[in-house]
>>> print(open('entry17.tsv').read())   # TSV, C-alpha atoms
chain	number	residue	atom	x	y	z
A	58	MET	CA	-107.09	-77.47	85.57
A	59	GLU	CA	-110.49	-77.63	87.24
A	60	GLY	CA	-108.89	-76.65	90.52
A	61	THR	CA	-107.24	-73.63	88.93
A	62	VAL	CA	-110.50	-72.51	87.35
A	63	LEU	CA	-112.23	-72.87	90.71
A	64	VAL	CA	-109.61	-70.76	92.48
A	65	VAL	CA	-109.72	-68.06	89.79
A	66	GLY	CA	-113.50	-67.95	90.06
A	67	LEU	CA	-113.35	-67.72	93.85
A	68	VAL	CA	-110.80	-64.90	93.69
A	69	ALA	CA	-112.91	-62.98	91.18
A	70	LEU	CA	-115.99	-63.34	93.36
A	71	ALA	CA	-113.98	-62.29	96.42
A	72	TYR	CA	-112.87	-59.14	94.63
A	73	LEU	CA	-116.46	-58.33	93.66
A	74	ALA	CA	-117.62	-58.97	97.22
A	75	GLY	CA	-114.91	-56.70	98.57
A	76	SER	CA	-115.91	-54.06	96.03
A	77	ILE	CA	-119.47	-53.79	97.36
A	78	PRO	CA	-119.59	-50.15	98.55
A	79	SER	CA	-121.12	-50.64	101.99
A	80	GLY	CA	-120.73	-46.99	102.97
A	81	VAL	CA	-122.45	-45.70	99.84
A	82	LEU	CA	-125.27	-48.24	100.06
A	83	VAL	CA	-125.92	-47.49	103.74
A	84	ALA	CA	-125.90	-43.75	103.01
A	85	ARG	CA	-128.60	-44.26	100.38
A	86	LEU	CA	-130.57	-46.49	102.73
A	87	SER	CA	-130.42	-43.91	105.51
A	88	GLY	CA	-130.99	-40.88	103.31
A	89	GLY	CA	-127.77	-39.37	104.69
A	90	PRO	CA	-124.87	-37.80	102.83
A	91	ASP	CA	-122.62	-39.94	100.70
A	92	PRO	CA	-119.42	-40.47	102.76
A	93	ARG	CA	-117.39	-39.61	99.66
A	94	THR	CA	-118.59	-36.00	100.02
A	95	VAL	CA	-117.28	-35.45	103.57
A	96	GLY	CA	-114.09	-35.90	105.58
A	97	SER	CA	-111.50	-38.05	103.86
A	98	GLY	CA	-113.84	-38.90	100.98
A	99	ARG	CA	-113.45	-42.60	101.72
A	100	THR	CA	-116.31	-45.05	102.21
A	101	GLY	CA	-115.20	-46.96	105.30
A	102	GLY	CA	-116.49	-46.96	108.85
A	103	THR	CA	-114.63	-43.89	110.12
A	104	ASN	CA	-115.87	-41.61	107.37
A	105	ALA	CA	-119.34	-43.15	107.61
A	106	LEU	CA	-119.30	-42.19	111.28
A	107	ARG	CA	-118.53	-38.60	110.31
A	108	ALA	CA	-121.22	-38.55	107.64
A	109	LEU	CA	-123.99	-40.70	109.08
A	110	GLY	CA	-123.53	-41.10	112.84
A	111	ARG	CA	-123.04	-44.15	115.05
A	112	LYS	CA	-126.01	-46.31	114.11
A	113	TRP	CA	-125.46	-46.24	110.38
A	114	ALA	CA	-121.68	-46.38	110.69
A	115	LEU	CA	-122.06	-49.62	112.67
A	116	LEU	CA	-124.01	-51.08	109.77
A	117	VAL	CA	-121.21	-50.04	107.41
A	118	VAL	CA	-118.64	-51.74	109.64
A	119	ILE	CA	-120.70	-54.94	109.75
A	120	GLY	CA	-120.94	-54.88	105.97
A	121	ASP	CA	-117.20	-54.36	105.61
A	122	LEU	CA	-116.45	-57.23	107.99
A	123	ALA	CA	-118.79	-59.51	106.06
A	124	LYS	CA	-117.10	-58.57	102.76
A	125	GLY	CA	-113.90	-60.06	104.14
A	126	ALA	CA	-115.17	-62.99	106.18
A	127	ILE	CA	-117.64	-64.51	103.71
A	128	PRO	CA	-115.24	-64.89	100.73
A	129	VAL	CA	-112.67	-66.60	102.97
A	130	LEU	CA	-115.30	-68.93	104.41
A	131	VAL	CA	-116.54	-69.78	100.92
A	132	ALA	CA	-112.98	-70.42	99.74
A	133	ARG	CA	-112.35	-72.66	102.75
A	134	ALA	CA	-115.47	-74.71	102.05
A	135	ALA	CA	-114.93	-74.93	98.30
A	136	SER	CA	-111.24	-75.84	98.49
A	137	GLY	CA	-111.52	-78.29	101.34
A	138	GLY	CA	-109.49	-76.14	103.69
A	139	ASP	CA	-106.60	-75.30	101.36
A	140	ALA	CA	-104.93	-72.19	102.79
A	141	LEU	CA	-103.77	-70.74	99.46
A	142	PRO	CA	-107.26	-70.12	97.99
A	143	GLU	CA	-108.31	-68.61	101.33
A	144	VAL	CA	-105.39	-66.20	101.27
A	145	LEU	CA	-105.86	-65.28	97.63
A	146	CYS	CA	-109.53	-64.56	98.26
A	147	ALA	CA	-108.66	-62.54	101.37
A	148	LEU	CA	-106.23	-60.41	99.36
A	149	ALA	CA	-108.78	-59.97	96.57
A	150	ALA	CA	-111.47	-58.86	99.03
A	151	VAL	CA	-109.16	-56.29	100.67
A	152	LEU	CA	-108.11	-55.01	97.25
A	153	GLY	CA	-111.75	-54.70	96.21
A	154	ALA	CA	-112.58	-52.74	99.36
A	155	SER	CA	-109.97	-50.10	98.57
A	156	ARG	CA	-110.17	-50.27	94.77
A	157	SER	CA	-113.82	-50.98	94.10
A	158	VAL	CA	-114.87	-51.71	90.55
A	159	PHE	CA	-118.24	-50.16	91.43
A	160	LEU	CA	-116.67	-46.85	92.50
A	161	ARG	CA	-114.25	-46.31	89.62
A	162	PHE	CA	-111.57	-48.04	91.69
A	163	GLY	CA	-112.04	-45.81	94.72
A	164	GLY	CA	-113.45	-46.94	98.06
A	165	GLY	CA	-112.21	-47.30	101.60
A	166	ARG	CA	-108.87	-48.28	103.11
A	167	GLY	CA	-109.60	-52.02	103.31
A	168	VAL	CA	-109.23	-52.13	107.09
A	169	GLY	CA	-112.70	-53.42	108.02
A	170	THR	CA	-112.62	-55.98	105.23
A	171	GLY	CA	-109.14	-57.05	106.30
A	172	VAL	CA	-110.38	-57.55	109.84
A	173	GLY	CA	-113.20	-59.71	108.47
A	174	THR	CA	-110.72	-61.96	106.68
A	175	MET	CA	-108.59	-62.21	109.81
A	176	ILE	CA	-111.56	-63.19	111.98
A	177	VAL	CA	-111.76	-66.35	109.89
A	178	ILE	CA	-108.03	-66.97	109.36
A	179	GLN	CA	-106.78	-66.27	112.90
A	180	PRO	CA	-109.08	-64.51	115.41
A	181	LEU	CA	-106.18	-64.12	117.86
A	182	ALA	CA	-104.64	-61.62	115.46
A	183	VAL	CA	-107.79	-59.49	115.76
A	184	LEU	CA	-107.79	-59.78	119.54
A	185	ALA	CA	-104.18	-58.63	119.66
A	186	ALA	CA	-104.58	-55.82	117.12
A	187	PHE	CA	-107.79	-54.30	118.48
A	188	PRO	CA	-106.35	-52.86	121.71
A	189	VAL	CA	-103.41	-51.47	119.71
A	190	PHE	CA	-105.87	-49.82	117.33
A	191	VAL	CA	-107.88	-48.28	120.17
A	192	LEU	CA	-104.89	-47.17	122.23
A	193	VAL	CA	-103.18	-45.44	119.33
A	194	ILE	CA	-106.36	-43.57	118.44
A	195	VAL	CA	-107.03	-42.51	122.03
A	196	VAL	CA	-103.45	-41.28	122.50
A	197	THR	CA	-102.92	-39.64	119.09
A	198	ARG	CA	-106.46	-39.25	117.71
A	199	TYR	CA	-105.21	-40.52	114.36
A	200	VAL	CA	-107.40	-43.35	113.08
A	201	SER	CA	-105.02	-43.89	110.19
A	202	LEU	CA	-102.09	-44.46	112.53
A	203	GLY	CA	-104.19	-46.83	114.64
A	204	SER	CA	-105.08	-48.82	111.52
A	205	LEU	CA	-101.46	-48.99	110.37
A	206	MET	CA	-100.18	-50.15	113.74
A	207	ALA	CA	-103.00	-52.69	114.03
A	208	SER	CA	-102.11	-54.14	110.62
A	209	VAL	CA	-98.49	-54.54	111.73
A	210	THR	CA	-99.65	-56.23	114.94
A	211	SER	CA	-101.78	-58.69	112.98
A	212	ALA	CA	-98.88	-59.54	110.69
A	213	VAL	CA	-96.60	-60.16	113.66
A	214	VAL	CA	-99.18	-62.41	115.34
A	215	LEU	CA	-99.54	-64.50	112.17
A	216	ALA	CA	-95.78	-64.80	111.86
A	217	LEU	CA	-95.43	-65.89	115.50
A	218	TRP	CA	-98.31	-68.35	115.06
A	219	TRP	CA	-96.52	-69.92	112.11
A	220	LEU	CA	-93.18	-70.07	113.92
A	221	ALA	CA	-94.70	-71.60	117.04
A	222	ALA	CA	-96.57	-74.25	115.06
A	223	ASN	CA	-93.39	-75.98	113.82
A	224	GLY	CA	-94.67	-76.51	110.32
A	225	SER	CA	-98.28	-77.35	111.10
A	226	VAL	CA	-99.54	-73.93	109.97
A	227	PRO	CA	-99.37	-73.21	106.21
A	228	VAL	CA	-96.86	-70.51	105.27
A	229	ALA	CA	-99.62	-68.85	103.23
A	230	TYR	CA	-101.07	-67.40	106.43
A	231	PRO	CA	-98.05	-65.36	107.58
A	232	LEU	CA	-97.56	-64.31	103.97
A	233	TYR	CA	-101.11	-62.99	104.03
A	234	GLY	CA	-100.28	-61.02	107.15
A	235	ALA	CA	-97.46	-59.31	105.26
A	236	LEU	CA	-99.20	-58.87	101.91
A	237	GLY	CA	-102.58	-57.91	103.36
A	238	GLY	CA	-100.85	-55.41	105.61
A	239	ALA	CA	-99.01	-54.03	102.59
A	240	LEU	CA	-102.32	-53.46	100.79
A	241	VAL	CA	-103.64	-51.56	103.81
A	242	TRP	CA	-100.50	-49.44	103.96
A	243	LEU	CA	-100.72	-48.68	100.24
A	244	ALA	CA	-104.34	-47.60	100.69
A	245	HIS	CA	-103.11	-45.25	103.44
A	246	ALA	CA	-100.39	-43.67	101.29
A	247	ASP	CA	-101.99	-40.22	101.46
A	248	ASN	CA	-102.51	-40.56	105.22
A	249	ILE	CA	-98.89	-41.55	105.71
A	250	ASP	CA	-97.78	-38.49	103.78
A	251	ARG	CA	-99.97	-36.24	105.95
A	252	LEU	CA	-98.77	-37.95	109.13
A	253	LEU	CA	-95.17	-37.28	108.12
A	254	HIS	CA	-95.98	-33.63	107.42
A	255	GLY	CA	-98.17	-33.11	110.50
A	256	THR	CA	-101.31	-32.35	108.50
A	257	GLU	CA	-103.33	-35.54	109.09
A	258	ARG	CA	-106.96	-35.07	110.19
A	259	LYS	CA	-107.51	-35.89	113.86
A	260	PHE	CA	-110.49	-38.00	114.87
A	261	ASP	CA	-113.25	-36.34	116.90
A	262	LEU	CA	-113.78	-38.73	119.82
A	263	GLY	CA	-117.08	-36.98	120.51
A	264	LEU	CA	-118.59	-38.81	117.53
A	265	LEU	CA	-118.33	-42.04	119.49
A	266	ALA	CA	-120.38	-40.46	122.27
A	267	GLY	CA	-123.20	-39.74	119.85
A	268	ARG	CA	-122.38	-36.20	118.79
A	269	ARG	CA	-124.09	-35.39	115.56
A	270	PRO	CA	-121.80	-35.32	112.51
A	271	GLY	CA	-120.71	-31.77	111.90
A	272	GLY	CA	-121.97	-30.74	115.34
>>> encode(input="entry17.tsv", output="structure tokens")
Amino acid sequence: MEGTVLVVGLVALAYLAGSIPSGVLVARLSGGPDPRTVGSGRTGGTNALRALGRKWALLVVIGDLAKGAIPVLVARAASGGDALPEVLCALAAVLGASRSVFLRFGGGRGVGTGVGTMIVIQPLAVLAAFPVFVLVIVVTRYVSLGSLMASVTSAVVLALWWLAANGSVPVAYPLYGALGGALVWLAHADNIDRLLHGTERKFDLGLLAGRRPGG
């Protein structure tokens, strides 16, 4: 019973941590426009880059990564390394990032927070997914498509890790790859619809070179 209460408490805290609106808070800190008022209307790193520029967007990304990594680390420490609480907290953090209780259940897409969870669970998944993310964006200029393909890559890496470990890796980890990826895909439902209809917004690569937002 005590263990169940602990896990429920950890999951609730993970959801609240994931719900912290990094993009909105950084916008207020910088005096820049709220990312919800520009571009996609989301609060993640890409829209923060459009609204606030590179420096402040980097701070948003760091915040989003921390929202995922810290709850998983806390769950690992509190549960003595039990994979299930880690995975439940990771899912809760990603859900909070895209359905924030502080933003009337709006927010970002959960990608940065998902990466933060994966840095703790299996960094190799991040190393494999990052070049896929970058390559897809460079070739297509669709950040959404890069994020979707990167989430699939991470899920595949976790599945292969589990298969190669011959039972020494908890099955909760590859399940997280699938379920966490599903949450990211659900958060991209509108992007997927626009991709299918050829109306998705293309990313301005000039923003990475320091071009002023809207310039």
>>> atom_distance(input="entry17.tsv", atom1="atom CA of Ala185 of chain A", atom2="atom CA of Ala216 of chain A")
13.0 Å
>>> closest_residue(input="entry17.tsv", among="A:Val81, A:Ala182, A:Leu240, A:Ala222", to="Gly98 of chain A", atoms="all atoms listed in the file")
A:Val81
>>> atom_distance(input="entry17.tsv", atom1="atom CA of Tyr233 of chain A", atom2="atom CA of Pro92 of chain A")
29.1 Å
>>> closest_residue(input="entry17.tsv", among="A:Ala108, A:Arg156, A:Val172, A:Gly101", to="Ala123 of chain A", atoms="all atoms listed in the file")
A:Val172
>>> closest_residue(input="entry17.tsv", among="A:Gly66, A:Pro188, A:Pro227, A:Gly75", to="Gly138 of chain A", atoms="only C-alpha atoms")
A:Pro227
>>> residues_around(input="entry17.tsv", residues="Thr94 of chain A", least_positions_apart="4", cutoff="12 Å", atoms="only C-alpha atoms", output="PDB file with C-alpha atoms, in the coordinates of the input")
ATOM      1  CA  GLY A  80    -120.730 -46.990 102.970  1.00  0.00           C
ATOM      2  CA  VAL A  81    -122.450 -45.700  99.840  1.00  0.00           C
ATOM      3  CA  ALA A  84    -125.900 -43.750 103.010  1.00  0.00           C
ATOM      4  CA  GLY A  89    -127.770 -39.370 104.690  1.00  0.00           C
ATOM      5  CA  PRO A  90    -124.870 -37.800 102.830  1.00  0.00           C
ATOM      6  CA  GLY A  98    -113.840 -38.900 100.980  1.00  0.00           C
ATOM      7  CA  ARG A  99    -113.450 -42.600 101.720  1.00  0.00           C
ATOM      8  CA  THR A 100    -116.310 -45.050 102.210  1.00  0.00           C
ATOM      9  CA  ASN A 104    -115.870 -41.610 107.370  1.00  0.00           C
ATOM     10  CA  ALA A 105    -119.340 -43.150 107.610  1.00  0.00           C
ATOM     11  CA  ARG A 107    -118.530 -38.600 110.310  1.00  0.00           C
ATOM     12  CA  ALA A 108    -121.220 -38.550 107.640  1.00  0.00           C
ATOM     13  CA  LEU A 109    -123.990 -40.700 109.080  1.00  0.00           C
TER      14      LEU A 109
END
>>> closest_residue(input="entry17.tsv", among="A:Ala135, A:Ala244, A:Met175, A:Leu115", to="Ser204 of chain A", atoms="only C-alpha atoms")
A:Ala244
>>> residues_around(input="entry17.tsv", residues="Leu252 of chain A", least_positions_apart="4", cutoff="10 Å", atoms="all atoms listed in the file", output="short mmCIF file (atom, residue, chain, number, x, y, z; two decimals) with C-alpha atoms, in the frame of the given file")
data_model
loop_
_atom_site.label_atom_id
_atom_site.label_comp_id
_atom_site.auth_asym_id
_atom_site.auth_seq_id
_atom_site.Cartn_x
_atom_site.Cartn_y
_atom_site.Cartn_z
CA TYR A 199 -105.21 -40.52 114.36
CA SER A 201 -105.02 -43.89 110.19
CA LEU A 202 -102.09 -44.46 112.53
CA ALA A 246 -100.39 -43.67 101.29
CA ASP A 247 -101.99 -40.22 101.46
CA ASN A 248 -102.51 -40.56 105.22
CA THR A 256 -101.31 -32.35 108.50
CA GLU A 257 -103.33 -35.54 109.09
CA ARG A 258 -106.96 -35.07 110.19
#
>>> closest_residue(input="entry17.tsv", among="A:Val68, A:Ala212, A:Ala114, A:Leu152", to="Leu86 of chain A", atoms="all atoms listed in the file")
A:Ala114
>>> residues_around(input="entry17.tsv", residues="Lys259 of chain A", least_positions_apart="5", cutoff="8 Å", atoms="all atoms listed in the file", output="compact mmCIF listing (two decimals) with C-alpha atoms, in the frame of the given file")
# COMPACT_ATOMS: atom_id res chain seq x y z
CA THR A 197 -102.92 -39.64 119.09
CA ARG A 198 -106.46 -39.25 117.71
CA TYR A 199 -105.21 -40.52 114.36
CA VAL A 200 -107.40 -43.35 113.08
>>> residues_around(input="entry17.tsv", residues="Lys112 of chain A", least_positions_apart="5", cutoff="10 Å", atoms="all atoms listed in the file", output="MDAnalysis selection string")
chainID A and resid 87 105:106 117 267
>>> closest_residue(input="entry17.tsv", among="A:Val214, A:Ala149, A:Val228, A:Ile249", to="Ser76 of chain A", atoms="all atoms listed in the file")
A:Ala149
>>> atom_distance(input="entry17.tsv", atom1="atom CA of Ala150 of chain A", atom2="atom CA of Arg251 of chain A")
26.3 Å
>>> residues_around(input="entry17.tsv", residues="Gly238 of chain A", least_positions_apart="6", cutoff="12 Å", atoms="only C-alpha atoms", output="PyMOL selection string")
chain A and resi 147-148+151-152+166-168+170-172+174-175+204-213+215+231-232+244-245
>>> axis_aligned_box(input="entry17.tsv", around="segment 240-256 of chain A", padding_each_side="3 Å", output="JSON")
{"center_x": -99.8, "center_y": -42.9, "center_z": 105.4, "size_x": 15.2, "size_y": 27.1, "size_z": 16.3}
>>> decode(input="entry17.tsv", residues="segment 98-113 of chain A", atoms="C-alpha atoms", output="mmCIF file, in the first residue's frame")
data_model
loop_
_atom_site.group_PDB
_atom_site.id
_atom_site.type_symbol
_atom_site.label_atom_id
_atom_site.label_comp_id
_atom_site.auth_asym_id
_atom_site.auth_seq_id
_atom_site.Cartn_x
_atom_site.Cartn_y
_atom_site.Cartn_z
ATOM 1 C CA GLY A 98 0.490 28.717 -30.760
ATOM 2 C CA ARG A 99 2.401 26.033 -28.872
ATOM 3 C CA THR A 100 4.850 26.672 -26.044
ATOM 4 C CA GLY A 101 7.773 24.424 -27.000
ATOM 5 C CA GLY A 102 11.234 25.226 -28.264
ATOM 6 C CA THR A 103 10.399 25.653 -31.951
ATOM 7 C CA ASN A 104 7.680 28.212 -31.363
ATOM 8 C CA ALA A 105 9.796 29.902 -28.691
ATOM 9 C CA LEU A 106 12.489 30.268 -31.346
ATOM 10 C CA ARG A 107 9.988 31.997 -33.622
ATOM 11 C CA ALA A 108 8.746 34.259 -30.843
ATOM 12 C CA LEU A 109 11.843 34.963 -28.774
ATOM 13 C CA GLY A 110 14.984 34.139 -30.768
ATOM 14 C CA ARG A 111 17.832 31.711 -30.173
ATOM 15 C CA LYS A 112 19.010 32.693 -26.705
ATOM 16 C CA TRP A 113 15.648 32.522 -25.010
#
